[in-house]
file work19.cif (mmCIF, C-alpha atoms and all ligand atoms)
data_target
#
loop_
_atom_site.label_atom_id
_atom_site.label_comp_id
_atom_site.auth_asym_id
_atom_site.auth_seq_id
_atom_site.Cartn_x
_atom_site.Cartn_y
_atom_site.Cartn_z
CA VAL A 239 123.66 103.58 117.95
CA GLY A 240 120.69 101.32 117.57
CA THR A 241 117.67 100.69 115.45
CA LEU A 242 114.13 101.81 116.14
CA SER A 243 111.68 99.24 114.77
CA ILE A 244 108.20 100.60 114.29
CA VAL A 245 106.11 97.49 114.57
CA GLY A 246 102.52 97.02 113.50
CA VAL A 247 101.13 94.17 115.57
CA GLY A 248 97.88 93.76 113.65
CA PRO A 249 94.38 94.14 115.04
CA GLY A 250 95.00 92.37 118.34
CA ALA A 251 94.92 88.58 118.23
CA GLU A 252 98.27 86.86 118.51
CA ALA A 253 97.52 84.85 115.38
CA GLN A 254 97.23 88.04 113.33
CA ILE A 255 100.78 89.30 113.94
CA THR A 256 103.38 88.64 111.26
CA ALA A 257 106.46 86.53 112.00
CA ALA A 258 108.66 89.54 111.23
CA ALA A 259 106.78 91.75 113.71
CA ARG A 260 107.03 89.08 116.38
CA ALA A 261 110.77 88.67 115.75
CA ALA A 262 111.27 92.44 116.01
CA LEU A 263 109.51 92.47 119.39
CA GLU A 264 111.33 89.38 120.66
CA SER A 265 114.72 90.85 119.85
CA ALA A 266 113.96 94.33 121.26
CA ASP A 267 115.77 95.55 124.38
CA VAL A 268 112.86 97.89 125.13
CA ILE A 269 109.29 97.91 123.81
CA VAL A 270 107.62 101.32 123.81
CA GLY A 271 103.93 101.93 123.19
CA TYR A 272 100.49 102.95 124.30
CA SER A 273 99.62 100.78 127.30
CA LEU A 274 96.54 99.15 125.68
CA TYR A 275 98.63 97.82 122.76
CA LEU A 276 101.41 96.72 125.09
CA ASP A 277 98.86 94.70 127.06
CA LEU A 278 98.03 92.80 123.87
CA VAL A 279 101.72 92.03 123.40
CA ARG A 280 102.32 91.22 127.06
CA ALA A 281 99.92 88.29 126.82
CA TRP A 282 102.43 86.36 124.70
CA LEU A 283 105.70 88.13 125.56
CA PRO A 284 105.36 88.43 129.35
CA ASP A 285 109.04 88.95 130.14
CA ALA A 286 109.87 91.72 127.70
CA ASN A 287 111.07 95.12 128.92
CA PHE A 288 107.97 97.25 128.42
CA ARG A 289 107.79 101.02 128.63
CA PRO A 290 104.09 101.86 128.49
CA SER A 291 102.83 105.37 127.93
CA PRO A 292 99.32 106.85 128.16
CA ILE A 293 97.24 107.50 125.06
CA GLY A 294 97.82 110.85 123.44
CA ASP A 295 101.07 112.74 123.13
CA GLU A 296 102.28 110.56 120.29
CA ALA A 297 105.14 112.97 119.61
CA ALA A 298 106.54 112.49 123.11
CA ARG A 299 106.29 108.72 122.74
CA ALA A 300 108.03 108.66 119.37
CA ARG A 301 110.71 111.07 120.64
CA ASP A 302 111.25 108.82 123.69
CA ALA A 303 111.63 105.81 121.45
CA LEU A 304 114.15 107.60 119.22
CA LEU A 305 116.24 108.72 122.20
CA LEU A 306 116.19 105.19 123.61
CA ALA A 307 117.27 103.82 120.24
CA ALA A 308 120.23 106.16 120.27
CA GLU A 309 121.37 104.46 123.49
CA HIS A 310 120.20 100.90 123.08
CA GLU A 311 120.72 98.34 120.41
CA ARG A 312 117.13 97.58 119.55
CA VAL A 313 114.02 99.51 120.49
CA ALA A 314 110.54 98.61 119.27
CA LEU A 315 107.71 101.11 119.05
CA VAL A 316 104.41 99.26 118.91
CA GLY A 317 101.37 100.34 116.96
CA SER A 318 98.10 98.55 116.28
CA GLY A 319 97.32 97.32 112.80
CA ASP A 320 99.98 98.77 110.53
CA ALA A 321 102.10 101.36 112.33
CA GLY A 322 102.33 103.46 109.17
CA VAL A 323 98.55 103.74 108.71
CA TYR A 324 97.39 106.63 110.95
CA GLY A 325 100.26 105.52 113.15
CA LEU A 326 103.60 106.64 114.46
CA ALA A 327 105.91 105.62 111.62
CA GLY A 328 105.71 108.89 109.70
CA LEU A 329 105.99 110.91 112.88
CA ALA A 330 109.17 109.02 113.85
CA TYR A 331 110.79 109.83 110.50
CA GLU A 332 109.79 113.48 110.83
CA LEU A 333 111.19 113.73 114.36
CA ARG A 334 114.38 111.94 113.42
CA ALA A 335 114.95 114.56 110.73
CA ALA A 336 114.02 117.46 113.03
CA MET A 337 115.98 116.45 116.14
CA VAL A 338 119.55 117.55 116.74
CA TRP A 339 121.88 114.57 117.19
CA THR A 340 125.02 116.23 118.52
CA GLY A 341 127.95 113.89 118.98
CA ARG A 342 126.06 110.78 117.91
CA PRO A 343 124.45 109.52 114.75
CA PRO A 344 120.66 109.29 114.69
CA PRO A 345 119.20 105.79 115.12
CA GLU A 346 118.13 103.84 112.09
CA ILE A 347 114.38 103.46 111.60
CA GLU A 348 112.80 100.27 110.33
CA VAL A 349 109.06 99.87 109.68
CA VAL A 350 107.60 96.39 110.12
CA PRO A 351 104.20 96.12 108.39
CA GLY A 352 101.09 94.76 110.05
CA ILE A 353 97.53 93.86 109.14
CA THR A 354 95.63 97.15 109.17
CA ALA A 355 92.07 97.39 110.53
CA ALA A 356 90.53 97.72 107.05
CA LEU A 357 91.95 94.36 105.99
CA ALA A 358 91.08 92.64 109.25
CA ALA A 359 87.51 93.95 109.09
CA ALA A 360 87.20 93.09 105.41
CA ALA A 361 88.08 89.46 106.08
CA LEU A 362 85.44 89.26 108.81
CA LEU A 363 82.80 90.87 106.58
CA GLY A 364 83.48 88.71 103.52
CA ALA A 365 85.26 90.33 100.56
CA PRO A 366 84.20 93.98 100.45
CA LEU A 367 87.56 95.29 99.19
CA GLY A 368 87.60 93.27 95.97
CA HIS A 369 87.76 96.42 93.90
CA ASP A 370 89.27 99.93 94.19
CA PHE A 371 88.91 101.33 97.66
CA ALA A 372 89.76 104.51 99.54
CA VAL A 373 90.82 104.76 103.16
CA ILE A 374 89.67 107.87 105.02
CA SER A 375 90.00 108.81 108.66
CA LEU A 376 87.13 110.88 110.02
CA SER A 377 89.26 112.19 112.89
CA ASP A 378 89.63 115.96 112.76
CA LEU A 379 92.15 115.97 115.58
CA LEU A 380 95.06 116.54 113.19
CA THR A 381 93.21 117.17 109.91
CA PRO A 382 90.83 120.08 109.21
CA TRP A 383 87.26 118.84 108.87
CA GLU A 384 86.96 120.66 105.51
CA VAL A 385 89.75 118.49 104.12
CA ILE A 386 88.05 115.32 105.35
CA VAL A 387 84.74 116.40 103.81
CA ARG A 388 86.38 117.17 100.46
CA ARG A 389 88.08 113.75 100.33
CA LEU A 390 84.96 111.92 101.47
CA ARG A 391 82.86 113.63 98.78
CA ALA A 392 85.44 112.90 96.08
CA ALA A 393 85.91 109.24 97.02
CA ALA A 394 82.17 108.65 97.50
CA GLY A 395 81.46 110.35 94.17
CA ALA A 396 84.07 108.22 92.39
CA ASP A 397 82.35 105.04 93.60
CA PHE A 398 85.27 103.78 95.65
CA VAL A 399 84.55 101.25 98.36
CA LEU A 400 85.31 103.22 101.53
CA ALA A 401 87.09 102.18 104.69
CA LEU A 402 86.35 104.79 107.36
CA TYR A 403 88.82 104.83 110.26
CA ASN A 404 88.22 106.78 113.49
CA PRO A 405 84.53 107.10 112.62
CA THR A 406 83.59 109.01 115.75
CA SER A 407 84.30 109.84 119.34
CA THR A 408 82.06 111.18 122.07
CA ARG A 409 83.61 114.58 121.41
CA ARG A 410 82.64 114.61 117.73
CA GLY A 411 79.53 112.47 117.34
CA HIS A 412 77.95 115.05 115.04
CA ARG A 413 80.82 114.61 112.58
CA PHE A 414 79.68 111.11 111.80
CA GLN A 415 76.17 112.44 111.09
CA GLU A 416 77.69 114.88 108.64
CA ALA A 417 79.71 112.13 106.96
CA LEU A 418 76.56 110.01 106.69
CA ALA A 419 74.71 112.85 104.95
CA ILE A 420 77.54 113.15 102.42
CA LEU A 421 77.44 109.42 101.69
CA ARG A 422 73.64 109.33 101.42
CA ALA A 423 73.68 112.18 98.93
CA VAL A 424 75.58 110.06 96.40
CA ARG A 425 75.09 106.39 97.31
CA ALA A 426 71.91 104.34 97.14
CA PRO A 427 70.12 103.72 100.47
CA GLU A 428 70.53 99.94 100.02
CA THR A 429 74.33 100.18 99.61
CA PRO A 430 75.80 97.45 101.84
CA VAL A 431 77.74 98.72 104.84
CA GLY A 432 79.89 96.68 107.21
CA VAL A 433 80.50 97.81 110.75
CA VAL A 434 83.22 95.98 112.67
CA ALA A 435 84.12 96.71 116.27
CA ASN A 436 87.17 95.20 117.94
CA ALA A 437 88.20 93.02 115.02
CA TYR A 438 90.18 90.01 116.27
CA ARG A 439 89.93 91.30 119.82
CA GLU A 440 87.75 90.66 122.81
CA GLY A 441 84.33 92.17 122.16
CA GLN A 442 84.47 91.65 118.39
CA ARG A 443 81.22 92.69 116.70
CA VAL A 444 80.56 92.27 112.98
CA THR A 445 77.44 93.83 111.47
CA VAL A 446 76.32 93.92 107.85
CA THR A 447 73.67 96.54 107.25
CA GLU A 448 72.79 99.09 104.60
CA LEU A 449 73.49 102.78 104.24
CA ALA A 450 69.90 103.73 105.07
CA SER A 451 70.12 101.94 108.43
CA LEU A 452 73.58 103.11 109.47
CA GLU A 453 73.41 105.25 112.60
CA ALA A 454 75.90 107.14 114.71
CA GLY A 455 75.03 104.88 117.66
CA MET A 456 76.54 101.89 115.83
CA VAL A 457 80.08 103.28 115.80
CA ASP A 458 82.72 104.31 118.29
CA MET A 459 86.49 104.69 118.28
CA LEU A 460 87.03 100.93 118.30
CA THR A 461 84.96 100.55 115.14
CA ILE A 462 85.75 100.66 111.45
CA VAL A 463 83.07 101.19 108.79
CA LEU A 464 83.29 99.75 105.29
CA VAL A 465 80.89 101.26 102.76
CA GLY A 466 80.27 99.30 99.57
CA ASN A 467 80.41 100.71 96.05
CA SER A 468 77.52 100.53 93.57
CA GLN A 469 78.38 96.88 92.79
CA THR A 470 78.76 95.58 96.35
CA ARG A 471 76.25 92.86 97.30
CA VAL A 472 75.34 90.88 100.38
CA LEU A 473 75.63 87.15 99.62
CA ASP A 474 74.64 84.74 102.38
CA GLY A 475 75.22 87.47 104.91
CA LYS A 476 78.67 88.35 103.58
CA MET A 477 79.58 91.69 102.01
CA VAL A 478 81.09 91.11 98.57
CA THR A 479 82.37 93.60 96.01
CA PRO A 480 82.58 91.80 92.66
CA ARG A 481 85.85 92.03 90.84
CA GLY A 482 84.05 91.79 87.50
CA TYR A 483 84.06 88.09 86.62
CA GLY A 484 80.43 88.36 85.56
CA ILE A 485 79.06 85.69 87.90
CA PRO A 486 75.26 85.98 87.92
CA LEU A 487 73.99 87.42 91.16
CA SER A 488 70.95 85.24 91.68
CA PRO A 489 71.53 81.62 92.64
CA ASN A 490 70.86 79.16 89.85
CA PRO A 491 71.37 75.41 89.55
CA LEU A 492 74.79 74.00 88.85
CA PRO A 493 75.11 72.53 85.34
CA HIS A 494 75.07 68.93 86.59
CA GLU A 495 71.88 69.62 88.50
CA GLY A 496 69.86 70.36 85.43
CA GLY A 497 71.64 72.82 83.19
CA GLY A 498 71.29 76.49 82.58
CA GLY A 499 73.56 77.45 85.42
CA PHE A 500 76.79 79.33 85.43
CA GLU A 501 79.68 77.12 84.47
CA CYS A 502 82.93 77.54 86.29
CA ALA A 503 85.66 77.81 83.67
CA ARG A 504 88.59 75.61 84.67
N1 LIG B 601 97.31 101.86 112.71
C1 LIG B 601 95.96 101.34 112.88
C2 LIG B 601 94.90 102.42 112.78
C3 LIG B 601 94.97 103.46 113.87
S1 LIG B 601 93.65 104.63 113.78
C4 LIG B 601 95.69 100.26 111.83
O1 LIG B 601 96.47 100.14 110.87
O2 LIG B 601 94.71 99.52 111.96
C5 LIG B 601 92.50 103.92 114.93
C6 LIG B 601 91.25 103.46 114.22
O3 LIG B 601 91.53 102.23 113.55
C7 LIG B 601 90.08 103.15 115.12
O4 LIG B 601 89.33 104.31 115.42
C8 LIG B 601 89.29 102.18 114.27
O5 LIG B 601 88.56 102.88 113.29
C9 LIG B 601 90.38 101.41 113.56
N2 LIG B 601 90.75 100.15 114.24
C10 LIG B 601 91.95 99.81 114.74
N3 LIG B 601 91.94 98.55 115.24
C11 LIG B 601 90.69 98.07 115.06
C12 LIG B 601 90.05 96.82 115.35
N4 LIG B 601 90.71 95.81 115.94
N5 LIG B 601 88.75 96.68 115.00
C13 LIG B 601 88.08 97.68 114.39
N6 LIG B 601 88.64 98.88 114.09
C14 LIG B 601 89.92 99.08 114.41
#
call {"tool": "encode", "arguments": {"input": "work19.cif", "output": "structure tokens", "more": "lines below"}}
Ligand code: SAH
result
Amino acid sequence: VGTLSIVGVGPGAEAQITAAARAALESADVIVGYSLYLDLVRAWLPDANFRPSPIGDEAARARDALLLAAEHERVALVGSGDAGVYGLAGLAYELRAAMVWTGRPPPEIEVVPGITAALAAAALLGAPLGHDFAVISLSDLLTPWEVIVRRLRAAAGADFVLALYNPTSTRRGHRFQEALAILRAVRAPETPVGVVANAYREGQRVTVTELASLEAGMVDMLTIVLVGNSQTRVLDGKMVTPRGYGIPLSPNPLPHEGGGGFECAR
């Protein structure tokens, strides 16, 4: 009986994958995953034994991977970002517990962490996640919209920085409008907002704007939206949420340039 490694490969670029994730893929007998993610991997692991599957039917894919792992030594199931964040890792554990493994022990499951979209986007935007943040998916495919709304209201009201995954799809464009209305009811119009499409992938787009200017047309399923808290500022085009060091916000001369400025304690 083998091991199923659930591998988060990061946002897309080869440089953003961890050494452990790469090693798990290199040592796998079979690599299972949604074809788009496998194409990212194929670029630097051309000779691996890939078993691509279409998007959707995640349960079938995870079940496939588990059955393969019962027969092979090492099977890798690839996910983008971190495979445990809105990914297949939890599903694999659930299926492993629910499936009947007559005459053979169930495969071991190992989760290999990856850089999730919120962290990749944050790095491109500056440092928006410098203080408490909440991660919310706006997809109502598997979660009732009422639950999403309740969490969004609570997190927005508690002044968390927000990382919004799955902001919209063509099928539910109006949902994003609804989410925007909830945010605008409690956050100032000038609240900085970062919109990142295709982080560390072809077609990367990084936009810093403000809540008042955020529109549904700026987001799609390859986009993540980071909404600042009441302290978040835009400094030289970068979105920054202060940790609380008390650095003055307006630029002022360095001490050696004429005094009065903020002195860096060393
Ligand atoms: N497991 C993934 C998230 C899967 S949910 C992770 O940890 O990153 C899919 C959503 O993630 C997308 O709708 C988008 O909001 C976000 N996302 C994933 N990769 C992204 C990327 N490279 N750039 C921007 N957003 C991304």
call {"tool": "residues_around", "arguments": {"input": "work19.cif", "residues": "segment 372-382 of chain A", "least_positions_apart": "2", "cutoff": "9 Å", "atoms": "only C-alpha atoms", "output": "number ranges by chain"}}
result
A: 324, 356, 370, 384-387, 389-390, 393-394, 398-407, 410, 413-414, 417
call {"tool": "atom_distance", "arguments": {"input": "work19.cif", "atom1": "atom CA of Phe371 of chain A", "atom2": "atom CA of Arg471 of chain A"}}
result
15.2 Å
call {"tool": "atom_distance", "arguments": {"input": "work19.cif", "atom1": "atom CA of Pro344 of chain A", "atom2": "atom CA of Asp295 of chain A"}}
result
21.6 Å
call {"tool": "residues_near_ligand", "arguments": {"input": "work19.cif", "ligand": "ligand LIG 601 (chain B)", "cutoff": "9 Å", "atoms": "only C-alpha atoms and all ligand atoms", "output": "number ranges by chain"}}
result
A: 246-251, 317-326, 352-359, 375-377, 401-407, 433-439, 442-443, 457-463
call {"tool": "write_last_selection", "arguments": {"input": "work19.cif", "atoms": "C-alpha atoms", "output": "PDB file, keeping the file's coordinate frame"}}
result
ATOM      1  CA  GLY A 246     102.520  97.020 113.500  1.00  0.00           C
ATOM      2  CA  VAL A 247     101.130  94.170 115.570  1.00  0.00           C
ATOM      3  CA  GLY A 248      97.880  93.760 113.650  1.00  0.00           C
ATOM      4  CA  PRO A 249      94.380  94.140 115.040  1.00  0.00           C
ATOM      5  CA  GLY A 250      95.000  92.370 118.340  1.00  0.00           C
ATOM      6  CA  ALA A 251      94.920  88.580 118.230  1.00  0.00           C
ATOM      7  CA  GLY A 317     101.370 100.340 116.960  1.00  0.00           C
ATOM      8  CA  SER A 318      98.100  98.550 116.280  1.00  0.00           C
ATOM      9  CA  GLY A 319      97.320  97.320 112.800  1.00  0.00           C
ATOM     10  CA  ASP A 320      99.980  98.770 110.530  1.00  0.00           C
ATOM     11  CA  ALA A 321     102.100 101.360 112.330  1.00  0.00           C
ATOM     12  CA  GLY A 322     102.330 103.460 109.170  1.00  0.00           C
ATOM     13  CA  VAL A 323      98.550 103.740 108.710  1.00  0.00           C
ATOM     14  CA  TYR A 324      97.390 106.630 110.950  1.00  0.00           C
ATOM     15  CA  GLY A 325     100.260 105.520 113.150  1.00  0.00           C
ATOM     16  CA  LEU A 326     103.600 106.640 114.460  1.00  0.00           C
ATOM     17  CA  GLY A 352     101.090  94.760 110.050  1.00  0.00           C
ATOM     18  CA  ILE A 353      97.530  93.860 109.140  1.00  0.00           C
ATOM     19  CA  THR A 354      95.630  97.150 109.170  1.00  0.00           C
ATOM     20  CA  ALA A 355      92.070  97.390 110.530  1.00  0.00           C
ATOM     21  CA  ALA A 356      90.530  97.720 107.050  1.00  0.00           C
ATOM     22  CA  LEU A 357      91.950  94.360 105.990  1.00  0.00           C
ATOM     23  CA  ALA A 358      91.080  92.640 109.250  1.00  0.00           C
ATOM     24  CA  ALA A 359      87.510  93.950 109.090  1.00  0.00           C
ATOM     25  CA  SER A 375      90.000 108.810 108.660  1.00  0.00           C
ATOM     26  CA  LEU A 376      87.130 110.880 110.020  1.00  0.00           C
ATOM     27  CA  SER A 377      89.260 112.190 112.890  1.00  0.00           C
ATOM     28  CA  ALA A 401      87.090 102.180 104.690  1.00  0.00           C
ATOM     29  CA  LEU A 402      86.350 104.790 107.360  1.00  0.00           C
ATOM     30  CA  TYR A 403      88.820 104.830 110.260  1.00  0.00           C
ATOM     31  CA  ASN A 404      88.220 106.780 113.490  1.00  0.00           C
ATOM     32  CA  PRO A 405      84.530 107.100 112.620  1.00  0.00           C
ATOM     33  CA  THR A 406      83.590 109.010 115.750  1.00  0.00           C
ATOM     34  CA  SER A 407      84.300 109.840 119.340  1.00  0.00           C
ATOM     35  CA  VAL A 433      80.500  97.810 110.750  1.00  0.00           C
ATOM     36  CA  VAL A 434      83.220  95.980 112.670  1.00  0.00           C
ATOM     37  CA  ALA A 435      84.120  96.710 116.270  1.00  0.00           C
ATOM     38  CA  ASN A 436      87.170  95.200 117.940  1.00  0.00           C
ATOM     39  CA  ALA A 437      88.200  93.020 115.020  1.00  0.00           C
ATOM     40  CA  TYR A 438      90.180  90.010 116.270  1.00  0.00           C
ATOM     41  CA  ARG A 439      89.930  91.300 119.820  1.00  0.00           C
ATOM     42  CA  GLN A 442      84.470  91.650 118.390  1.00  0.00           C
ATOM     43  CA  ARG A 443      81.220  92.690 116.700  1.00  0.00           C
ATOM     44  CA  VAL A 457      80.080 103.280 115.800  1.00  0.00           C
ATOM     45  CA  ASP A 458      82.720 104.310 118.290  1.00  0.00           C
ATOM     46  CA  MET A 459      86.490 104.690 118.280  1.00  0.00           C
ATOM     47  CA  LEU A 460      87.030 100.930 118.300  1.00  0.00           C
ATOM     48  CA  THR A 461      84.960 100.550 115.140  1.00  0.00           C
ATOM     49  CA  ILE A 462      85.750 100.660 111.450  1.00  0.00           C
ATOM     50  CA  VAL A 463      83.070 101.190 108.790  1.00  0.00           C
TER      51      VAL A 463
END
call {"tool": "residues_near_point", "arguments": {"input": "work19.cif", "point": "(74.5, 89.4, 102.4)", "cutoff": "10 Å", "atoms": "all atoms listed in the file", "output": "number ranges by chain"}}
result
A: 363-364, 430, 446-447, 470-478
call {"tool": "residues_around", "arguments": {"input": "work19.cif", "residues": "segment 269-280 of chain A", "least_positions_apart": "3", "cutoff": "9 Å", "atoms": "all atoms listed in the file", "output": "PyMOL selection string"}}
result
chain A and resi 247+250-252+263+266+283-294+296+299-300+302-303+312-318
call {"tool": "closest_residue", "arguments": {"input": "work19.cif", "among": "A:Glu440, A:Leu333, A:Pro343, A:Leu452", "to": "Leu418 of chain A", "atoms": "all atoms listed in the file"}}
result
A:Leu452
call {"tool": "atom_distance", "arguments": {"input": "work19.cif", "atom1": "atom CA of Thr429 of chain A", "atom2": "atom CA of Tyr483 of chain A"}}
result
20.2 Å
call {"tool": "residues_around", "arguments": {"input": "work19.cif", "residues": "Leu304 of chain A", "least_positions_apart": "3", "cutoff": "12 Å", "atoms": "all atoms listed in the file", "output": "CSV table (one decimal) with C-alpha atoms, keeping the file's coordinate frame"}}
result
chain,number,residue,atom,x,y,z
A,239,VAL,CA,123.7,103.6,118.0
A,240,GLY,CA,120.7,101.3,117.6
A,241,THR,CA,117.7,100.7,115.4
A,242,LEU,CA,114.1,101.8,116.1
A,243,SER,CA,111.7,99.2,114.8
A,244,ILE,CA,108.2,100.6,114.3
A,268,VAL,CA,112.9,97.9,125.1
A,269,ILE,CA,109.3,97.9,123.8
A,270,VAL,CA,107.6,101.3,123.8
A,297,ALA,CA,105.1,113.0,119.6
A,298,ALA,CA,106.5,112.5,123.1
A,299,ARG,CA,106.3,108.7,122.7
A,300,ALA,CA,108.0,108.7,119.4
A,301,ARG,CA,110.7,111.1,120.6
A,307,ALA,CA,117.3,103.8,120.2
A,308,ALA,CA,120.2,106.2,120.3
A,309,GLU,CA,121.4,104.5,123.5
A,310,HIS,CA,120.2,100.9,123.1
A,311,GLU,CA,120.7,98.3,120.4
A,312,ARG,CA,117.1,97.6,119.6
A,313,VAL,CA,114.0,99.5,120.5
A,314,ALA,CA,110.5,98.6,119.3
A,315,LEU,CA,107.7,101.1,119.0
A,326,LEU,CA,103.6,106.6,114.5
A,327,ALA,CA,105.9,105.6,111.6
A,329,LEU,CA,106.0,110.9,112.9
A,330,ALA,CA,109.2,109.0,113.8
A,331,TYR,CA,110.8,109.8,110.5
A,332,GLU,CA,109.8,113.5,110.8
A,333,LEU,CA,111.2,113.7,114.4
A,334,ARG,CA,114.4,111.9,113.4
A,335,ALA,CA,115.0,114.6,110.7
A,336,ALA,CA,114.0,117.5,113.0
A,337,MET,CA,116.0,116.4,116.1
A,338,VAL,CA,119.6,117.6,116.7
A,339,TRP,CA,121.9,114.6,117.2
A,343,PRO,CA,124.4,109.5,114.8
A,344,PRO,CA,120.7,109.3,114.7
A,345,PRO,CA,119.2,105.8,115.1
A,346,GLU,CA,118.1,103.8,112.1
A,347,ILE,CA,114.4,103.5,111.6
A,348,GLU,CA,112.8,100.3,110.3
call {"tool": "closest_residue", "arguments": {"input": "work19.cif", "among": "A:Thr479, A:Val431, A:Trp282, A:Ser265", "to": "Ala253 of chain A", "atoms": "only C-alpha atoms"}}
result
A:Trp282
call {"tool": "closest_residue", "arguments": {"input": "work19.cif", "among": "A:Pro486, A:Gly432, A:Pro480, A:Gly441", "to": "Leu362 of chain A", "atoms": "only C-alpha atoms"}}
result
A:Gly432
